[in-house]
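Below: structure-v4.cif (mmCIF, C-alpha atoms and all ligand atoms)
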data_my_file
#
loop_
_atom_site.label_atom_id
_atom_site.label_comp_id
_atom_site.auth_asym_id
_atom_site.auth_seq_id
_atom_site.Cartn_x
_atom_site.Cartn_y
_atom_site.Cartn_z
CA MET B 1 22.05 -113.26 -12.54
CA ARG B 2 23.62 -113.26 -9.11
CA TYR B 3 22.28 -111.44 -6.12
CA GLU B 4 24.69 -109.05 -4.49
CA VAL B 5 24.60 -106.29 -1.91
CA THR B 6 24.90 -103.36 -4.27
CA LYS B 7 25.67 -99.85 -2.99
CA ASP B 8 22.01 -98.91 -2.70
CA LEU B 9 21.49 -101.89 -0.36
CA VAL B 10 24.33 -101.11 2.04
CA THR B 11 22.84 -100.06 5.39
CA GLY B 12 26.09 -98.99 7.04
CA ASN B 13 25.64 -101.40 9.96
CA THR B 14 28.53 -103.89 9.82
CA LEU B 15 26.64 -106.88 11.23
CA ILE B 16 23.52 -106.35 9.14
CA ASP B 17 25.50 -105.80 5.94
CA SER B 18 27.71 -108.83 6.41
CA GLU B 19 24.69 -111.01 7.13
CA HIS B 20 22.91 -109.67 4.06
CA ARG B 21 25.97 -110.65 1.99
CA GLN B 22 25.90 -114.18 3.39
CA LEU B 23 22.18 -114.35 2.85
CA PHE B 24 22.57 -113.45 -0.82
CA ASP B 25 25.38 -116.01 -1.07
CA ALA B 26 22.95 -118.61 0.25
CA VAL B 27 20.34 -117.58 -2.34
CA ASN B 28 22.97 -117.74 -5.10
CA ALA B 29 24.05 -121.20 -3.93
CA LEU B 30 20.45 -122.38 -4.14
CA MET B 31 20.03 -120.87 -7.62
CA ASP B 32 23.26 -122.57 -8.72
CA ALA B 33 22.10 -125.90 -7.31
CA CYS B 34 18.88 -125.53 -9.33
CA ALA B 35 20.66 -124.44 -12.52
CA GLN B 36 23.18 -127.28 -12.30
CA GLY B 37 20.43 -129.81 -11.84
CA GLN B 38 21.92 -131.00 -8.57
CA GLY B 39 20.23 -133.88 -6.82
CA ARG B 40 17.46 -133.65 -4.26
CA THR B 41 19.75 -134.09 -1.28
CA GLN B 42 22.04 -131.27 -2.36
CA LEU B 43 19.08 -129.06 -3.19
CA GLN B 44 17.50 -129.76 0.20
CA LYS B 45 20.78 -128.82 1.89
CA THR B 46 20.94 -125.41 0.20
CA VAL B 47 17.23 -124.82 0.89
CA ASP B 48 17.66 -125.70 4.58
CA PHE B 49 20.74 -123.52 4.88
CA LEU B 50 18.95 -120.55 3.33
CA ASN B 51 15.92 -120.92 5.60
CA SER B 52 17.96 -121.27 8.76
CA TYR B 53 20.18 -118.37 7.75
CA VAL B 54 17.16 -116.14 7.18
CA ALA B 55 15.86 -117.06 10.65
CA ARG B 56 19.23 -116.43 12.27
CA HIS B 57 19.68 -113.10 10.52
CA PHE B 58 16.20 -111.94 11.54
CA ARG B 59 16.91 -112.93 15.16
CA ASP B 60 20.12 -110.90 15.11
CA GLU B 61 18.32 -107.87 13.65
CA GLU B 62 15.58 -108.19 16.24
CA GLN B 63 18.17 -108.33 19.02
CA LEU B 64 19.66 -105.08 17.73
CA GLN B 65 16.19 -103.54 17.72
CA ILE B 66 15.41 -104.64 21.26
CA GLN B 67 18.78 -103.44 22.54
CA SER B 68 18.41 -100.03 20.91
CA LYS B 69 14.69 -99.74 21.85
CA TYR B 70 13.84 -99.29 18.19
CA PRO B 71 10.27 -97.91 17.93
CA GLY B 72 9.69 -99.75 14.65
CA TYR B 73 10.34 -103.13 16.26
CA PRO B 74 6.76 -104.53 16.33
CA ALA B 75 6.15 -103.83 12.63
CA HIS B 76 9.60 -105.06 11.64
CA LYS B 77 9.13 -108.25 13.66
CA THR B 78 5.74 -108.84 12.04
CA PHE B 79 7.36 -108.53 8.63
CA HIS B 80 10.11 -110.98 9.63
CA ASP B 81 7.62 -113.58 10.85
CA GLY B 82 5.53 -113.34 7.70
CA TYR B 83 8.64 -113.47 5.56
CA CYS B 84 9.92 -116.66 7.20
CA ARG B 85 6.59 -118.30 6.40
CA GLN B 86 6.72 -117.09 2.79
CA MET B 87 10.27 -118.35 2.35
CA SER B 88 9.42 -121.70 3.89
CA GLU B 89 6.32 -122.16 1.70
CA THR B 90 8.29 -121.23 -1.42
CA SER B 91 11.03 -123.66 -0.41
CA GLN B 92 8.52 -126.44 0.12
CA SER B 93 6.98 -126.03 -3.32
CA LEU B 94 10.46 -125.88 -4.82
CA MET B 95 11.29 -129.21 -3.21
CA ARG B 96 7.91 -130.66 -4.14
CA ASP B 97 7.81 -129.55 -7.79
CA GLY B 98 11.54 -129.28 -8.47
CA PRO B 99 13.17 -126.18 -9.97
CA THR B 100 10.37 -125.42 -12.43
CA VAL B 101 10.05 -122.01 -14.07
CA LYS B 102 7.19 -121.25 -11.69
CA ALA B 103 9.08 -122.35 -8.57
CA LEU B 104 12.14 -120.30 -9.55
CA GLY B 105 9.95 -117.31 -10.40
CA ASP B 106 8.34 -117.55 -6.97
CA LEU B 107 11.73 -117.79 -5.29
CA ASN B 108 12.99 -114.72 -7.16
CA ARG B 109 9.86 -112.84 -6.18
CA VAL B 110 10.37 -113.70 -2.51
CA VAL B 111 14.00 -112.55 -2.72
CA GLY B 112 12.74 -109.34 -4.33
CA VAL B 113 10.51 -108.73 -1.31
CA LEU B 114 13.55 -109.01 0.94
CA ILE B 115 15.53 -106.62 -1.23
CA SER B 116 12.88 -103.90 -0.96
CA HIS B 117 12.73 -104.54 2.79
CA ILE B 118 16.51 -104.03 3.01
CA ARG B 119 16.33 -100.89 0.92
CA THR B 120 13.72 -99.26 3.14
CA GLU B 121 13.28 -100.84 6.57
CA ASP B 122 16.77 -102.18 7.26
CA LYS B 123 18.32 -98.89 6.19
CA ARG B 124 15.93 -97.06 8.49
CA LEU B 125 16.92 -99.37 11.34
CA ALA B 126 20.65 -98.95 10.70
CA ARG B 127 20.26 -95.16 10.63
CA TYR B 128 18.41 -95.28 13.95
CA ILE B 129 21.08 -97.43 15.59
CA GLN B 130 23.78 -95.11 14.34
CA GLU B 131 21.99 -92.04 15.67
CA GLN B 132 21.52 -93.73 19.05
CA GLY B 133 25.23 -94.41 19.26
CA SER B 134 26.37 -90.94 18.32
FE FE C 201 14.88 -106.71 8.54
#
Show me, as structure tokens, the structure contained in the file I just sent.
Amino acid sequence: MRYEVTKDLVTGNTLIDSEHRQLFDAVNALMDACAQGQGRTQLQKTVDFLNSYVARHFRDEEQLQIQSKYPGYPAHKTFHDGYCRQMSETSQSLMRDGPTVKALGDLNRVVGVLISHIRTEDKRLARYIQEQGS
């Protein structure tokens, strides 16, 4: 199964949507690296890329929130910070234990958390930005 930005996940904000697509690409690349039994170095590369991309994307979203004086910023930022920690912990156990069923299950669960965040909070943010601009 590949992660993709399906219609229900499109926020309507060009930057946010394109970053979500790249983020899912990074998750898919990591899943592929696991499935193909790629070596540690390769696996570490995809893990590092995913983690830094998540951080970069969150920074960009937070910038948009600050610029538009989004009232939901504190809560959204708190979620982002907690999520980065979750993703980093999951990545560390993946690298420590290898792509076990448990490690992959945990990774899929963490991606699932992001998907529900996109569906609710990121859509709310995109709607707010759009209303501000109109
Ligand atoms: Fe977000």
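For the pair CA of Ala55 in chain B and CA of Cys84 in chain B, the separation is 6.9 Å.
When all atoms listed in the file are used to measure the gap to ligand FE 201 (chain C), the shortest distance among B:Phe24, B:Tyr3, B:Phe58, B:Tyr73 belongs to B:Phe58.
Taking all atoms listed in the file into account, Glu61 in chain B lies nearest to B:Ala126 out of the set B:Met1, B:Val110, B:Ala126, B:Met31.
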Who sits within 12 Å of Gly82 in chain B, only C-alpha atoms, same chain under 5 positions skipped, as a PDB file with C-alpha atoms, in the coordinates of the input:
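Listing of part21.pdb after writing:
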ATOM      1  CA  VAL B  54      17.160-116.140   7.180  1.00  0.00           C
ATOM      2  CA  ALA B  55      15.860-117.060  10.650  1.00  0.00           C
ATOM      3  CA  PHE B  58      16.200-111.940  11.540  1.00  0.00           C
ATOM      4  CA  ALA B  75       6.150-103.830  12.630  1.00  0.00           C
ATOM      5  CA  HIS B  76       9.600-105.060  11.640  1.00  0.00           C
ATOM      6  CA  LYS B  77       9.130-108.250  13.660  1.00  0.00           C
ATOM      7  CA  MET B  87      10.270-118.350   2.350  1.00  0.00           C
ATOM      8  CA  SER B  88       9.420-121.700   3.890  1.00  0.00           C
ATOM      9  CA  GLU B  89       6.320-122.160   1.700  1.00  0.00           C
ATOM     10  CA  VAL B 110      10.370-113.700  -2.510  1.00  0.00           C
ATOM     11  CA  VAL B 113      10.510-108.730  -1.310  1.00  0.00           C
ATOM     12  CA  LEU B 114      13.550-109.010   0.940  1.00  0.00           C
TER      13      LEU B 114
END
Checklist entry - Quick one: residues within 12 Å of His57 in chain B, only C-alpha atoms counted, chain neighbours fewer than 6 positions away excluded, as a ChimeraX atom specification? => result /B:15-24,49-51,63-64,80,84,122
